[in-house]
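Contents: one structure, followed by commentary.
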Amino acid sequence: MSRSRSESGTATADPLRPSDHAEAEASDITQPVLGVVGWLRWGWRQLTSMRTALVLLLLLAIAAVPGSLVPQRSADPNGVTQYFADNPDLAPVLDNLSMFDVYSSPWFSAIYILLFISLIGCVIPRTKHHWKALRATPPRTPARLSRLDAHRSETIEFDSGADAAAAATSAIEAAQQQLKKSGYRVERYDSGAMLSVSAERGYLRETGNLVFHASLVGVLLAVGFGGGFTYTGQTVILEGRTFVNTMLDYTSFNPGRFVDEEALEPYALTLDRFDVTYQPLGAQGQGQAGDFVANLTTQYAGEEPVAGEVRVNHPLDMGGDRIYLMGNGYAPTLTVRDADGEIVFSESVPFLPQDTNMTSLGVVKITDGLPDQMALQGFFYPTQAPLHTGAFASAYPALVNPVVSLNVWVGDLGIDDGTPRSVYTLDPSEMTQLAGRGTDVEPIELAPGETADLPDGLGSITFENEAPEGAQGYEESVKRYVSLSIHRDAAATWVLVFAVLATAGLLAALFVPRRRMWVKATPRGESLHLEYAGLARGEDPTLDAAVAQFAQRHLDGLQSPAYPKVD
Amino acid sequence: MPESSALTLDSVSVLLVWTAITIYALAFIAYAVDLARRGADAVDAKDAQLEVRERELVAAGGVATGGSVGELRAQEKAAEENLNAPLGRRKRFVWARIGTSLTVLGFLFHVAGDVTRGIAAGRVPWSNMYEFALTGTMLIVAVYLAVLIRYDLRFLGSFITGLTVVLLGGSTLAFYVEITPLADPLKSVWLVIHVFVATLSTALFALAFGLSVMQLMQARRERRALVAASAEAPAQPVKTGPRFLATLPGSDALESLAYRFAILGFIFWTFTLIAGSIWANDAWGRYWGFDTKEVWTFVIWVLYAGYIHARATRGWRGARSAWLSIIGFTAVLFNFTIVNMFFKGLHAYSGLS
Ligand code: HEM
C-alpha cells in the first residue's frame with residue numbers, strides 16, 4: 001500500500017489529527033529478513049511513496065531545462081545544424097548525451113515513466129481506499145473535544161424543574177439535521193446521558209485529487225497512443241496550382257506508426273490567391289506584414305468545389321485534417337530558351353524569403369535541353385535597393401521594384417544518380433560558374449517582362465510578367481506561393497478532455513474543505529453543556545470560522561420555548 | 001487612428017507610468033520606514049516587558065526560564081490576530097498606512113497609464129515585453145491591494161512596491177517600444193485570455209514568494225529564540241534576524257498563507273498552460289512542441305506541483321517547501337525576463353529587436 005497524504009499527519013505531534021485513510025506504514029521499521037519478494041515489495045513501496053514522487057517531480061523540472069538552452073531537433077532542426085557548425089567540439093559530446101533530443105532522451109523518459117508508474121501505484125490503492133471511505137460512517141466522537149483546535153462550548157442554564165435530558169436530545173437532533181443539511185454525513189454516538197453527533201464532509205476533495213492524478217495518466221496515454229495515428233505534412237502551392245492530398249504532392253510527410261499513407265482523405269486544394277498587407281512606408285512598423293490569407297478552392301472527391309481560406313490562427317478543417325498557413329513567398333516565372341530559341345524550361349520557381357523585406361533566395365535547375373545541365377542561383381528582391389556595401393537587398397516586401405539577380409552555373413547537378421537533393425539548394429562542386437560574383441561576368445538581372453542572353457551564347461532567359469490586364473506598376477507581376485502544413489491529430493481532443501478533467505479535479509482537490517465536526521450535549525443537573533468541535537483533514541483555513549458559525553446557528557435555533565432561559 | 005494622436009496618447013501613457021513609478025518608490029520608502037519602526041517598537045515593548053519581569057523576578061527571587069518562548073507565542077498570537085483583523089481594526093502602523101495610501105495612488109496612475117496605452121494601441125495592452133511588464137506589475141499591485149482587504153499583509157508592502165518599481169522602471173527604460181500593429185499570430189482571443197491569466201498567476205506567485213521569504217526568516221528567528229530559551233541564562237541578547245519579525249505572524253501562519261496564494265496561482269497557471277496549448281494548436285499547428293517558452297511554463301508548473309506535494313510530505317513541510325516556492329517564483333521571473341530576451345523560440349513577441 002502506498003503512503004500518501006497522511007504522511008504529514010503521522011509525523012505531527014498532535015495525536016488527535018487522524019492519520020488519514022491510506023494508513024502510513026512505518027517505513028522506518030526494518031523487517032528482519034527480506035526475501036526477493038520482500039525486497040520487491042520494499043522497492044515498490046519506495047517508488048510509490050510521496051517522497052519519491054516529489055523527488056521525481058523536481059527531477060523532471062530540472063531535466064526539462066536543457067532542452068531550452070540547446071536547440072532541439074524536433075522544434076528547431078536548423079538550429080541544431082547551426083549549433084554543430086558553431087561548436088564542432090562540444091556538439092558531438094552533447095549529442096551523445098541526447099541534448100538535442102532532450103524530450104525523447106532515455107534519461108528524460110526514465111524520469112517521467114518512473115513518475116507515472118509511481119503515480120499509478122499511488123492512485124490505485126487510494127482509489128480503493130476512498131471507495132471504502134465513501135461508504136463508511138463518520139468516526140466516534142473523541143472523548144475530549146476541547147483538545148481540538150477549533151472548539152466552542154456553551155452552557156445553557158434552565159429554570160429549576162426543566163428536563164435537561166430532553167433538551168439535550170432535541171439539541172442533538174437539531175444539530176444532526178443542520179449538519180445533514182449542510183452536506184455532512186452524520187452518525188449518532190451516545191454514551192449514557194452524554195449525547196453526540198459525529199459528522200464528516202468533503203469526500204469530493206479526495207475524489208478530485210484522484211480524478212486529477214488519473215487524468216494526468218489520461219493525458220500521457222492520449223499523447224502516446226494518439227501519436228501513432230497522427231501525421232503532419234508540408235506542401236507548397238503556387239497561385240493557380242492545385243494540391244491533391246496524396247503522398248505525391250507532399251514535400252515532406254511525418255506519419256505516426258499506424259498511419260496508412262495510401263488512405264489519406266481524398267481532397268484537393270487550389271490556391272486562387274494569396275493576400276497580405278504591409279504597413280506602408282514611413283508608418284510605425286514599416287513593412288510589417290499582416291492579415292495573411294490563402295484563398296483556396298477546396299474539393300472533396302466527387303463533390304462540388306467550395307471556397308475556403310486559411311489564415312494565421314484560423315486553420316482550415318478538411319475531413320478531419322487541419323490545414324495551417326506556415327509561410328509564403330514569391331515564385332518568379334522564368335523561361336529559358338536554348339540557342340535556337342526553343343523553350344527548355346518554363347516554370348514559376350518558389351524563392352525562400354530570407355528577411356522581413358522578402359529578399360528571397362532561389363535555385364533554378366535545368367536538367368535537359370541544353371548542352372550541359374545548368375543552374376541559375378540567386379536572389380529575388382520585391383523592392384530592390386542598394387546597400388551601402390554595393391550589394392543589393394530588398395527594402396520593402398511588396399512588389400515596387402522587383403528584380404531577380406542570377407548567377408549561372410553549368411556542369412553536373414549531381415541528381416542523376418538518384419541522390420535526393422533539396423530543390424532549394426545547389427551543390428556546385430561539379431559545376432563551373434559562368435556569371436555572377438566571383439567571375440568577370442555580371443550576374444543576370446531582370447525585371448518582370450525582361451529578357452537577357454545567357455553567357456557563352458547558350459540561349460536566353462525571360463522573367464515573365466504575370467500581371468493581369470490593367471494592373472498598376474508591378475502589382476501582381478510575380479506569382480506568390482504559400483507553404484501549408486497539413487495535420488491530422490487524433491489525440492488533441494482527448495488530451496484536451498483529460499486536461500479539463502484534471503483542472504476540475506484540481507479545483508475540487510484544492511478548494512473543497514474536508515472536515516469532521518462534532519456536537520456533544522451533556523446535561524448537568526439544571527443546565528446543558530454544549531460542545532462544538534471541528535477537525536481539518538488537509539488544508540482547511542476556514543475551519544475555525546465554520547465551527548463558530550455552526551455553533552452560532554445551532555444556538556440561535558435553540559431559542560425556542562423548550563429552552564425558556566438562555567443567557 | 002491618426003498617427004499623431006496615437007503618439008500623444010502614448011506619451012501621456014508613458015508620463016502616467018513614470019508618475020506611478022515615482023509614487024511607488026515613495027510607497028516603498030514609507031513601507032521600509034514602517035518595518036524599521038516596527039523593529040524599534042518591538043524592541044521597546046520587549047524592554048518594557050523585560051523590566052516588568054525583572055521586577056517580578058526580584059520580588060519572587062526566582063530564576064527566569066522559558067520567558068522568551070512565552071513572549072514569542074504572545075507576539076505570534078497578537079500578530080496573527082492582526083493578520084486576520086478586519087480593515088478597521090488593524091494595528092495603526094502609521095508608516096504602513098502612508099505606504100498603502102501611496103500605493104493606492106500609484107496604482108491609480110498605473111491603471112490610467114495602462115488603459116491609455118491600450119486605447120492608443122487599439123487593443124489589449126499586453127502584447128510585447130514593455131506591455132507585459134506594464135500590465136503584469138499592475139496586476140501584482142492589484143492583487144496585493146485586494147488581498148489587503150482580507151489580510152493585513154502590509155509587511156509585504158516594501159517587497160511588492162520594490163518589485164514593482166524595479167520591474168516597471170526597468171522595463172520602461174529597457175523594453176519600451178512604440179505602438180506597432182499586432183503581428184498576425186497575436187490576433188486571437190487567446191492573447192486576451194492566456195496572457196492575462198498568466199500575469200494574474202504571476203501576481204499570486206509573487207505574494208506567495210514574499211510570504212515564503214518571510215516564513216524562512218521567521219522560522220530562523222523562532223529557532224534561535226528557542227535555542228536561546230533552552231540555554232541557561234543567555235549572556236547576551238541572541239541575534240534572531242530583523243526585529244520587525246516580532247510583529248509578523250508565526251512561520252506556520254505565514255506558510256499556510258503562502259500556500260493559499262500559491263495554489264491559487266497554480267490553478268491559474270494550469271489554465272495558462274491549457275489555454276496556451278489550445279492557442280498553439282491554432283497558431284502553430286501543434287498543441288505542444290517543447291518550444292523554449294513552453295518548456296519554461298511546464299518547468300514552473302512542475303515546480304509548483306512539487307511544492308504542493310512537499311507540503312504533504314514528511315520532512316518537506318516548512319523550510320524545504322518554502323524554498324520550492326522561492327525557486328518557483330525565481331523561475332517565473334526568469335521566464336519573463338531572460339527567456340523572453342535571450343532564448344530563441346516561436347514566442348518571439350518581446351517587440352525588441
Ligand atoms: C505526474 C506527476 C504528478 C503531478 C503533476 C502531481 C500533481 C499534484 C498536484 C497538482 C496536487 C495538488 C492537487 C491535489 O491535491 O489533488 C497533488 C496532490 C497530491 N499528489 Fe500528486 N502529482 C503527481 C504524482 C503523484 C504521485 C506519484 C503521488 C503518490 C506517490 C502523488 C500523490 C499526491 C497526493 C497524496 C496529493 C495530495 C496532497 C495534499 O494532501 O495536499 N502525486 N499532486
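Chain labels run A, B, ... following the order of the C-alpha cells; each chain numbers its residues from 1, and ligands are numbered from 1 in the order shown.
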
Checklist entry - Can you tell me which residues sit at most 6 Å away from ligand 1, counting only C-alpha atoms and all ligand atoms, written as an MDAnalysis selection string? => result (chainID A and resid 4:5 48:50 53 115:116 118:119 122 209 212 506 509:510 538) or (chainID B and resid 305 308:309 312)

Would you mind listing, for every residue of chain B within 7 Å of chain A, the two atoms forming the shortest contact and the distance between them in Å to one decimal, using only C-alpha atoms, sorted by chain and ascending residue number, as a Markdown table?
```
| residue | atom | partner | partner_atom | distance |
| --- | --- | --- | --- | --- |
| B:Thr180 | CA | A:Gly285 | CA | 5.5 |
| B:Ala183 | CA | A:Gly290 | CA | 6.3 |
| B:Asp184 | CA | A:Gly290 | CA | 5.4 |
| B:Pro185 | CA | A:Val312 | CA | 5.9 |
| B:Ser188 | CA | A:Asn313 | CA | 6.9 |
| B:Asp282 | CA | A:Asn313 | CA | 4.8 |
| B:Ala283 | CA | A:Asn313 | CA | 4.2 |
| B:Gly285 | CA | A:Tyr324 | CA | 6.3 |
| B:Gly289 | CA | A:Ala75 | CA | 6.4 |
| B:Phe290 | CA | A:Ala75 | CA | 7.0 |
| B:Asp291 | CA | A:Ala75 | CA | 6.5 |
| B:Thr292 | CA | A:Ser68 | CA | 4.7 |
| B:Val295 | CA | A:Ser68 | CA | 6.5 |
| B:Val299 | CA | A:Ala61 | CA | 4.8 |
| B:Val302 | CA | A:Ala61 | CA | 5.8 |
| B:Leu303 | CA | A:Ala61 | CA | 6.3 |
| B:Gly306 | CA | A:Leu54 | CA | 5.6 |
| B:His309 | CA | A:Leu54 | CA | 6.2 |
| B:Ala310 | CA | A:Leu54 | CA | 6.6 |
| B:Ala312 | CA | A:Ser8 | CA | 5.7 |
| B:Thr313 | CA | A:Ser8 | CA | 5.7 |
| B:Arg314 | CA | A:Ser8 | CA | 4.9 |
```

Checklist entry - Hey, which of A:Phe392, A:Gly341, A:Asp556, A:Val410 ends up closest to Gln373 (chain A)? Count only C-alpha atoms. => result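 Smallest distance to Gln373 (chain A) is found for A:Val410.
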
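Closest approach to Gln549 (chain A) from the set A:Gln178, A:Thr251, A:Ser422, A:Ser198 is made by A:Gln178, with distances taken over only C-alpha atoms.
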
Checklist entry - region 102-289 of chain B: which residues are helix (DSSP H, G or I) by DSSP, as a ChimeraX atom specification? => result /B:102-121,129-150,154-174,184-186,189-230,243-247,251-283

Item to check | Pairwise distance for CA of Gly318 (chain B) and CA of Glu222 (chain B), rounded to one decimal in Å | outcome: 12.5 Å

Item to check | Polymer residues at most 7 Å from Leu361 (chain A), only C-alpha atoms, same-chain spacing of 5 or more positions, as a list of chain:residue names | outcome: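 The residues satisfying every condition are A:Phe351, A:Leu352, A:Pro353, A:Gln354, A:Gly378, A:Phe379, A:Phe380.
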
Take the residues from that selection and write them out as a short mmCIF file (atom, residue, chain, number, x, y, z; two decimals), in the first residue's frame, keeping N, CA and C atoms.
```
data_model
loop_
_atom_site.label_atom_id
_atom_site.label_comp_id
_atom_site.auth_asym_id
_atom_site.auth_seq_id
_atom_site.Cartn_x
_atom_site.Cartn_y
_atom_site.Cartn_z
N PHE A 351 10.97 31.03 -54.39
CA PHE A 351 12.19 31.53 -53.75
C PHE A 351 11.91 31.65 -52.26
N LEU A 352 12.91 31.29 -51.45
CA LEU A 352 12.70 31.28 -49.99
C LEU A 352 13.03 32.63 -49.39
N PRO A 353 12.08 33.24 -48.66
CA PRO A 353 12.36 34.55 -48.05
C PRO A 353 13.48 34.45 -47.03
N GLN A 354 14.36 35.44 -47.03
CA GLN A 354 15.49 35.45 -46.10
C GLN A 354 15.34 36.51 -45.02
N GLY A 378 20.25 32.56 -57.28
CA GLY A 378 20.35 33.97 -56.92
C GLY A 378 19.18 34.47 -56.11
N PHE A 379 19.05 35.77 -56.12
CA PHE A 379 18.07 36.43 -55.26
C PHE A 379 16.94 37.03 -56.06
N PHE A 380 15.80 37.10 -55.38
CA PHE A 380 14.71 37.90 -55.89
C PHE A 380 14.44 39.00 -54.87
#
```

Checklist entry - To one decimal place, how far is CA of Phe93 (chain B) from CA of Ala225 (chain B) in Å? => result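 These two atoms are separated by 25.0 Å.
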
Next on the checklist: Set the distance at 8 Å and use only C-alpha atoms: which residues neighbour region 111-114 of chain B once local chain neighbours fewer than 2 positions away are removed? I'd like the list as a count of residues only.
Outcome noted: 16

Item to check | Coordinates-based distance that separates CA of Ser196 (chain A) from CA of Tyr532 (chain A) (Å, one decimal) | outcome: 9.8 Å

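Distances to Trp518 (chain A) were evaluated for A:Thr242, A:Thr493, A:Gln176, A:Thr389 using only C-alpha atoms, and the minimum falls at A:Gln176.
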
Next on the checklist: To test your reading of the structure, identify every residue in region 414-531 of chain A that backbone DSSP assigns to strand (DSSP E), and report it as a PyMOL selection string.
Outcome noted: chain A and resi 431-435+444-446+451-453+459-463+479-488+515-524+527-531

Item to check | Contacts of region 136-151 of chain A at 8 Å (only C-alpha atoms; same-chain gap of 5+ positions) as a list of chain:residue names | outcome: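 Close residues of region 136-151 of chain A: A:Leu16, A:Arg185, A:Val186, A:Glu187, A:Tyr189, A:Ser196, A:Val197, A:Ser198, A:Ala199, A:Glu200, A:Trp518, A:Glu531, A:Tyr532, A:Ala533, A:Gly534, A:Leu535, A:Leu543, A:Asp544, A:Val547, A:Ala548.
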